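Novice: File follows, start.csv with CSV, C-alpha atoms and all ligand atoms:
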```
chain,number,residue,atom,x,y,z
W,25,MET,CA,78.5,106.3,171.5
W,26,ASP,CA,75.4,104.9,169.8
W,27,ARG,CA,72.7,104.6,172.5
W,28,GLY,CA,70.3,101.7,172.5
W,29,LEU,CA,70.3,97.9,172.6
W,30,PHE,CA,71.6,95.8,169.7
W,31,LEU,CA,71.8,92.1,169.0
W,32,LEU,CA,75.3,91.4,167.6
W,33,PRO,CA,76.8,90.3,165.3
W,34,SER,CA,74.0,91.4,162.9
W,35,ARG,CA,73.3,94.6,164.8
W,36,ILE,CA,69.5,94.2,165.1
W,37,GLY,CA,68.2,97.2,167.2
W,38,LEU,CA,65.9,96.1,170.1
W,39,ASP,CA,63.2,98.8,170.5
W,40,VAL,CA,65.6,101.5,169.4
W,41,THR,CA,63.8,104.7,168.9
W,42,ARG,CA,65.9,105.9,166.0
W,43,ARG,CA,65.8,104.6,162.5
W,44,GLN,CA,67.9,101.4,162.0
W,45,ALA,CA,68.6,99.2,159.0
W,46,LEU,CA,67.1,96.3,161.0
W,47,GLY,CA,65.1,96.8,164.1
W,48,PHE,CA,62.9,94.5,166.3
W,49,ILE,CA,59.8,96.3,167.6
W,50,SER,CA,58.4,94.5,170.6
W,51,HIS,CA,55.1,96.5,170.6
W,52,ALA,CA,53.7,99.8,169.3
W,53,HIS,CA,54.1,102.1,172.3
W,54,MET,CA,55.9,105.2,171.2
W,55,ASP,CA,59.0,104.6,173.4
W,56,HIS,CA,59.7,101.4,171.4
W,57,VAL,CA,59.2,102.3,167.8
W,58,ALA,CA,61.0,104.0,164.9
W,59,GLN,CA,60.6,104.0,161.1
W,60,HIS,CA,63.3,101.3,160.6
W,61,ALA,CA,64.4,100.4,157.0
W,62,MET,CA,63.2,96.9,158.0
W,63,ALA,CA,61.2,96.3,161.2
W,64,LEU,CA,60.8,92.9,162.7
W,65,CYS,CA,57.5,92.6,164.6
W,66,THR,CA,54.2,90.7,164.9
W,67,GLU,CA,51.3,91.4,162.5
W,68,PRO,CA,49.2,93.4,165.0
W,69,THR,CA,52.3,95.5,165.9
W,70,ALA,CA,53.0,96.2,162.2
W,71,ARG,CA,49.4,97.5,161.7
W,72,LEU,CA,49.6,99.6,164.9
W,73,VAL,CA,53.1,101.0,164.0
W,74,ARG,CA,51.8,102.0,160.6
W,75,HIS,CA,48.9,103.8,162.2
W,76,ARG,CA,51.3,105.8,164.4
W,77,LEU,CA,54.2,106.4,162.0
W,78,GLY,CA,53.0,105.9,158.5
W,79,ASN,CA,54.4,103.3,156.2
W,80,VAL,CA,57.1,101.1,157.6
W,81,SER,CA,58.6,98.0,155.9
W,82,THR,CA,58.1,95.0,158.1
W,83,LYS,CA,59.1,91.4,158.3
W,84,ILE,CA,56.4,89.7,160.2
W,85,MET,CA,57.3,87.4,163.0
W,86,PRO,CA,54.4,85.1,163.9
W,87,LEU,CA,54.3,84.3,167.6
W,88,GLY,CA,56.1,81.0,168.4
W,89,GLU,CA,57.7,80.6,164.9
W,90,SER,CA,61.4,80.9,164.3
W,91,ILE,CA,63.0,82.9,161.5
W,92,GLU,CA,66.7,83.2,160.5
W,93,VAL,CA,67.9,86.7,160.3
W,94,ALA,CA,71.5,87.6,159.6
W,95,GLY,CA,73.0,84.5,161.2
W,96,LEU,CA,70.6,84.5,164.2
W,97,LYS,CA,67.6,82.3,164.9
W,98,LEU,CA,64.9,84.6,166.3
W,99,THR,CA,61.6,83.6,167.8
W,100,ALA,CA,58.9,86.0,168.8
W,101,LEU,CA,57.1,85.0,172.1
W,102,PRO,CA,54.0,86.6,173.5
W,103,ALA,CA,54.7,89.2,176.1
W,104,GLY,CA,51.3,89.7,177.6
W,105,HIS,CA,51.6,93.5,177.6
W,106,ILE,CA,49.3,94.8,174.9
W,107,PHE,CA,47.8,93.0,171.8
W,108,GLY,CA,50.6,91.9,169.5
W,109,SER,CA,53.3,92.6,172.1
W,110,ALA,CA,56.3,90.2,171.8
W,111,MET,CA,59.5,89.2,173.5
W,112,VAL,CA,62.3,88.0,171.2
W,113,TYR,CA,64.3,84.9,171.9
W,114,ALA,CA,67.6,84.8,170.0
W,115,GLN,CA,69.8,81.7,169.4
W,116,HIS,CA,73.4,81.9,168.4
W,117,ASP,CA,76.5,79.6,168.7
W,118,LYS,CA,77.6,81.6,171.7
W,119,GLY,CA,74.3,81.2,173.6
W,120,THR,CA,70.7,82.3,173.9
W,121,VAL,CA,69.2,85.7,174.8
W,122,LEU,CA,65.6,86.5,175.9
W,123,TYR,CA,64.6,90.2,175.5
W,124,THR,CA,61.3,90.8,177.2
W,125,GLY,CA,60.4,94.3,176.0
W,126,ASP,CA,57.4,95.5,178.2
W,127,PHE,CA,55.7,92.4,179.5
W,128,ARG,CA,53.2,91.1,182.0
W,129,LEU,CA,52.5,87.5,183.2
W,130,GLY,CA,49.1,85.9,183.5
W,131,PRO,CA,45.8,86.3,181.6
W,132,SER,CA,44.7,89.4,179.7
W,133,ALA,CA,41.5,90.4,177.9
W,134,THR,CA,43.4,91.5,174.8
W,135,ALA,CA,47.1,90.5,174.9
W,136,GLU,CA,48.3,87.0,174.1
W,137,GLN,CA,49.4,85.4,177.4
W,138,ALA,CA,53.2,85.8,178.1
W,139,GLN,CA,55.4,82.8,177.5
W,140,LEU,CA,58.9,82.8,179.1
W,141,ARG,CA,61.7,80.6,177.9
W,142,SER,CA,65.0,79.6,179.5
W,143,ALA,CA,67.9,81.6,178.2
W,144,ASP,CA,71.6,82.2,179.0
W,145,TYR,CA,71.0,86.0,179.1
W,146,LEU,CA,67.8,87.8,180.1
W,147,ILE,CA,67.3,91.4,179.2
W,148,MET,CA,64.2,92.4,181.2
W,149,GLU,CA,62.0,95.5,181.6
W,150,CYS,CA,61.8,96.2,185.3
W,151,THR,CA,59.4,99.2,185.6
W,152,PHE,CA,57.9,97.9,188.9
W,153,GLY,CA,61.1,96.6,190.3
W,154,HIS,CA,60.4,97.7,193.9
W,155,PRO,CA,58.6,95.6,196.6
W,156,HIS,CA,56.2,98.5,197.0
W,157,TYR,CA,54.7,97.5,193.6
W,158,ARG,CA,52.9,94.3,194.4
W,159,LEU,CA,49.6,94.4,192.6
W,160,PRO,CA,46.5,92.7,194.1
W,161,PRO,CA,45.3,89.7,192.1
W,162,ARG,CA,43.9,90.6,188.8
W,163,ASP,CA,40.4,89.3,189.5
W,164,THR,CA,40.2,91.4,192.7
W,165,VAL,CA,41.2,94.5,190.7
W,166,ILE,CA,38.6,93.8,188.0
W,167,GLU,CA,35.9,93.2,190.6
W,168,MET,CA,36.9,96.5,192.3
W,169,LEU,CA,36.6,98.4,188.9
W,170,LEU,CA,33.2,96.9,188.2
W,171,GLU,CA,31.8,97.6,191.6
W,172,LYS,CA,32.9,101.2,191.5
W,173,ILE,CA,31.5,101.7,188.0
W,174,ARG,CA,28.1,100.2,189.0
W,175,ALA,CA,28.1,102.5,192.1
W,176,ALA,CA,28.8,105.5,189.9
W,177,PHE,CA,25.8,104.5,187.6
W,178,ARG,CA,23.6,104.3,190.7
W,179,ARG,CA,24.6,107.8,191.7
W,180,GLY,CA,23.5,109.0,188.2
W,181,ALA,CA,27.1,109.8,187.2
W,182,THR,CA,29.0,109.1,184.0
W,183,PRO,CA,32.0,106.9,184.7
W,184,VAL,CA,34.9,108.3,182.7
W,185,ILE,CA,38.0,106.2,182.5
W,186,SER,CA,41.3,107.8,181.7
W,187,ALA,CA,43.7,105.3,180.0
W,188,TYR,CA,46.5,105.2,177.4
W,189,VAL,CA,45.1,105.3,173.9
W,190,LEU,CA,46.8,102.1,172.9
W,191,GLY,CA,46.6,99.0,175.1
W,192,LYS,CA,45.0,100.0,178.3
W,193,SER,CA,42.0,101.5,176.7
W,194,GLN,CA,41.2,98.4,174.7
W,195,GLU,CA,42.0,96.1,177.6
W,196,VAL,CA,39.5,98.0,179.8
W,197,THR,CA,37.0,98.1,177.0
W,198,ARG,CA,37.1,94.3,176.6
W,199,ILE,CA,36.8,93.8,180.4
W,200,LEU,CA,33.7,96.0,180.5
W,201,THR,CA,32.0,94.9,177.3
W,202,SER,CA,32.4,91.2,178.4
W,203,GLN,CA,30.4,92.2,181.5
W,204,GLY,CA,27.6,93.7,179.4
W,205,ILE,CA,28.8,97.3,180.0
W,206,PRO,CA,29.0,99.2,176.6
W,207,VAL,CA,31.8,101.6,176.1
W,208,LEU,CA,32.1,105.0,174.4
W,209,GLN,CA,35.6,105.9,173.2
W,210,HIS,CA,37.4,109.2,172.5
W,211,PRO,CA,38.2,109.3,168.7
W,212,ASP,CA,41.9,108.6,169.2
W,213,ILE,CA,41.1,105.5,171.2
W,214,TYR,CA,38.4,104.4,168.8
W,215,ALA,CA,40.8,104.6,165.8
W,216,ILE,CA,43.2,102.2,167.5
W,217,SER,CA,40.3,99.9,168.7
W,218,GLN,CA,39.3,99.5,165.0
W,219,ILE,CA,42.8,98.3,164.2
W,220,TYR,CA,42.6,95.8,167.1
W,221,GLU,CA,39.4,94.4,165.5
W,222,GLU,CA,40.9,94.3,162.0
W,223,ALA,CA,43.8,92.4,163.3
W,224,GLY,CA,41.5,89.9,165.1
W,225,CYS,CA,41.1,91.1,168.6
W,226,GLU,CA,37.4,91.6,169.2
W,227,LEU,CA,36.4,94.3,171.8
W,228,GLY,CA,32.6,93.9,172.0
W,229,ASP,CA,30.1,96.7,172.2
W,230,PHE,CA,32.1,100.0,171.8
W,231,ARG,CA,31.4,103.1,169.8
W,232,PRO,CA,32.9,106.5,169.4
W,233,TYR,CA,31.9,109.2,171.9
W,234,SER,CA,29.7,111.5,169.9
W,235,GLY,CA,28.8,114.6,171.9
W,236,ARG,CA,27.0,113.3,174.9
W,237,PRO,CA,27.1,110.4,177.4
W,238,ILE,CA,24.6,107.6,177.1
W,239,PRO,CA,23.1,106.2,180.4
W,240,GLY,CA,24.7,102.8,181.2
W,241,CYS,CA,27.8,103.4,179.1
W,242,VAL,CA,31.3,104.0,180.3
W,243,VAL,CA,33.4,106.6,178.5
W,244,ILE,CA,37.1,106.1,177.9
W,245,VAL,CA,39.4,109.1,177.2
W,246,PRO,CA,43.2,109.6,176.9
W,247,PRO,CA,45.0,110.5,180.2
W,248,LYS,CA,44.7,114.3,179.9
W,249,PRO,CA,42.9,116.8,182.0
W,250,LEU,CA,39.1,116.7,181.4
W,251,THR,CA,38.6,119.9,179.5
W,252,PRO,CA,35.1,120.5,178.1
W,253,GLY,CA,36.5,120.0,174.6
W,254,ILE,CA,37.5,116.5,175.4
W,255,LEU,CA,34.1,115.5,176.7
W,256,PRO,CA,31.3,117.7,175.5
W,257,GLY,CA,28.0,117.1,177.1
W,258,ALA,CA,29.2,115.3,180.2
W,259,VAL,CA,28.1,117.0,183.4
W,260,HIS,CA,28.2,114.7,186.4
W,261,VAL,CA,31.4,112.8,185.9
W,262,GLU,CA,33.3,110.3,188.1
W,263,LYS,CA,36.8,109.8,186.9
W,264,PHE,CA,38.7,106.5,187.0
W,265,HIS,CA,42.5,106.1,186.5
W,266,VAL,CA,43.4,102.6,185.6
W,267,THR,CA,47.1,102.1,186.0
W,268,GLY,CA,49.7,100.3,188.1
W,269,TRP,CA,50.8,103.7,189.4
W,270,ALA,CA,47.5,103.7,191.4
W,271,LEU,CA,49.5,101.9,194.1
W,272,ASP,CA,51.3,105.3,194.7
W,273,LYS,CA,48.0,107.2,194.8
W,274,ARG,CA,46.5,104.8,197.3
W,275,ARG,CA,49.1,105.8,199.8
W,276,LYS,CA,48.6,109.5,199.1
W,277,GLY,CA,44.7,109.5,199.1
W,278,THR,CA,42.6,110.8,196.2
W,279,ALA,CA,40.0,113.4,195.4
W,280,PRO,CA,36.3,112.6,195.9
W,281,ASN,CA,34.7,111.4,192.6
W,282,GLU,CA,38.1,110.1,191.6
W,283,HIS,CA,39.0,106.4,191.7
W,284,TRP,CA,42.4,104.8,191.2
W,285,ILE,CA,42.4,101.2,190.0
W,286,PRO,CA,45.7,99.3,190.1
W,287,LEU,CA,45.3,97.3,186.8
W,288,SER,CA,48.6,97.2,185.0
W,289,ASP,CA,50.0,95.9,181.7
W,290,HIS,CA,53.5,95.6,183.3
W,291,ALA,CA,54.8,92.8,185.5
W,292,ASP,CA,54.7,93.7,189.1
W,293,PHE,CA,57.6,93.1,191.6
W,294,ASP,CA,56.6,89.5,192.3
W,295,GLN,CA,56.2,88.7,188.6
W,296,LEU,CA,59.6,90.1,187.8
W,297,ILE,CA,61.2,87.9,190.4
W,298,HIS,CA,59.2,84.9,189.1
W,299,ALA,CA,60.3,85.7,185.5
W,300,VAL,CA,64.0,85.6,186.5
W,301,GLU,CA,63.6,82.3,188.3
W,302,GLU,CA,61.7,80.8,185.4
W,303,VAL,CA,64.2,81.9,182.7
W,304,GLY,CA,67.2,80.9,184.9
W,305,PRO,CA,69.8,83.1,183.1
W,306,LYS,CA,73.5,83.3,183.8
W,307,THR,CA,73.1,87.1,183.8
W,308,VAL,CA,70.0,89.4,184.0
W,309,PHE,CA,70.3,92.8,182.4
W,310,CYS,CA,67.7,95.2,183.8
W,311,THR,CA,66.2,98.1,181.8
W,312,HIS,CA,63.8,100.8,183.0
W,313,GLY,CA,62.6,100.8,186.6
W,314,PRO,CA,64.6,101.5,189.8
W,315,LYS,CA,68.3,100.6,189.8
W,316,SER,CA,67.8,99.1,193.3
W,317,PHE,CA,66.2,96.1,191.6
W,318,VAL,CA,69.7,95.0,190.5
W,319,GLU,CA,70.7,94.8,194.2
W,320,GLU,CA,67.5,93.0,195.0
W,321,LEU,CA,68.3,90.3,192.4
W,322,LYS,CA,71.9,90.1,193.6
W,323,SER,CA,70.7,89.5,197.1
W,324,ARG,CA,68.7,86.6,195.8
W,325,GLY,CA,71.8,85.1,194.3
W,326,HIS,CA,71.4,86.2,190.7
W,327,ASP,CA,74.1,87.9,188.6
W,328,ALA,CA,72.3,91.1,187.7
W,329,ARG,CA,73.4,94.3,185.9
W,330,TRP,CA,71.9,97.6,185.0
W,331,LEU,CA,71.7,98.4,181.3
W,332,GLU,CA,71.4,102.1,180.5
W,401,ZN,ZN,54.6,99.5,176.5
W,402,ZN,ZN,57.6,100.9,177.3
```
Kindly transcribe the structure held in the file into structure tokens.
Ligand SMILES: [Zn+2]
Ligand SMILES: [Zn+2]
Specialist:
Amino acid sequence: MDRGLFLLPSRIGLDVTRRQALGFISHAHMDHVAQHAMALCTEPTARLVRHRLGNVSTKIMPLGESIEVAGLKLTALPAGHIFGSAMVYAQHDKGTVLYTGDFRLGPSATAEQAQLRSADYLIMECTFGHPHYRLPPRDTVIEMLLEKIRAAFRRGATPVISAYVLGKSQEVTRILTSQGIPVLQHPDIYAISQIYEEAGCELGDFRPYSGRPIPGCVVIVPPKPLTPGILPGAVHVEKFHVTGWALDKRRKGTAPNEHWIPLSDHADFDQLIHAVEEVGPKTVFCTHGPKSFVEELKSRGHDARWLE
């Protein structure tokens, strides 16, 4: 059996991670991309995919515009996950399908705000599909991040944020620079930030980290252990993890000088429920996340199924 999701009859792969003749790429995270013969994606995603995989032929899908592909009418809609991330809405004689890819509702500093659309069938990413994963309001989380960073500065420490190189790093950078806090980035993050800016997403005052911290600047590094090679010159460090999984850490407690901030680029439990209600599908197909979410949806009167 060929694993992965496909839109029939034209067999368009949806975030399939093996090369396809025709593949829709919702966004440039590595678990969603492959060097397809022809990739359907937004312009920022095309640039980011090329940065990660080398040259890939693309057919650009501008957000909100429809294109005809092999008998299907396809529309890319913003997914609110990272810059350029898109859902795809497919129209066919037999009905409509909304495939979310990774998504998050509400405002973002770098991603275009998600737009849902009613569809007969919804294929939804359900990473946080458990009631435990209810995130505090975004403004509260950002306020928490800023307060803790300012407190670290007052203690004479260098705040070092560990975040995914693509997406979260740039989101946090924009949040900080818009508050007048400059950012120093690990080279892998800086390379991607430059692509963000080339594609039209401004990130403010950020520079590559070049050997030593600068007072008043936050440093952002990939989520790896802080070996001296990663951060030369930094002595008194306070480490910040910025991720939805912080909700797990809060229960378990954390080390001193280590902070967990629950800022996520995925929909939390309440947003997932809201998305299903807004799309109003006949059937929801759930991908990722806990299988118990299917039962959760059924108990709320939805026809829900798990998609491997
Ligand atoms: Zn993603
Ligand atoms: Zn993903």
Novice: Let me have all residues with an atom within 10 Å of ligand ZN 402 (chain W), counting only C-alpha atoms and all ligand atoms, laid out as a list in words.
Specialist: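 Going residue by residue within 10 Å of ligand ZN 402 (chain W), we get Asp39, Ser50, His51, Ala52, His53, Met54, Asp55, His56, Val57, His105, Gly125, Asp126, Phe127, Glu149, Thr151, His290 and His312 of chain W.
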Novice: Within 9 Å of (59.5, 83.0, 164.7), all atoms listed in the file: residues as a ChimeraX atom specification?
Specialist: /W:84-92,97-101,112-113
Novice: One number please: atom CA of His326 of chain W to atom CA of Asp272 of chain W, in Å, one decimal.
Specialist: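 Computing it gives 28.0 Å between the two atoms.
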Novice: Could you check the closest approach to Val80 of chain W for each of W:Ile173, W:Ile36, W:Ile238, W:Ala61 and tell me which residue wins, using only C-alpha atoms?
Specialist: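 Of W:Ile173, W:Ile36, W:Ile238, W:Ala61, the one nearest Val80 of chain W is W:Ala61, counting only C-alpha atoms.
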Novice: Residues at most 10 Å from Leu170 of chain W, counting all atoms listed in the file, excluding those fewer than 6 positions away in the same chain, as number ranges by chain?
Specialist: W: 164, 176, 199-200, 203, 205
Novice: Pick from W:Cys241, W:Pro102, W:Leu146, W:Val40: nearest to Asp327 of chain W, with only C-alpha atoms counted?
Specialist: W:Leu146
Novice: In the coordinates of the file, take the point (28.5, 102.0, 178.1) and a cut-off of 6 Å; then, counting only C-alpha atoms, name each qualifying protein, DNA or RNA residue as a list of chain:residue names.
Specialist: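 The distance filter leaves exactly W:Ile205, W:Pro206, W:Val207, W:Leu208, W:Gly240, W:Cys241, W:Val242.
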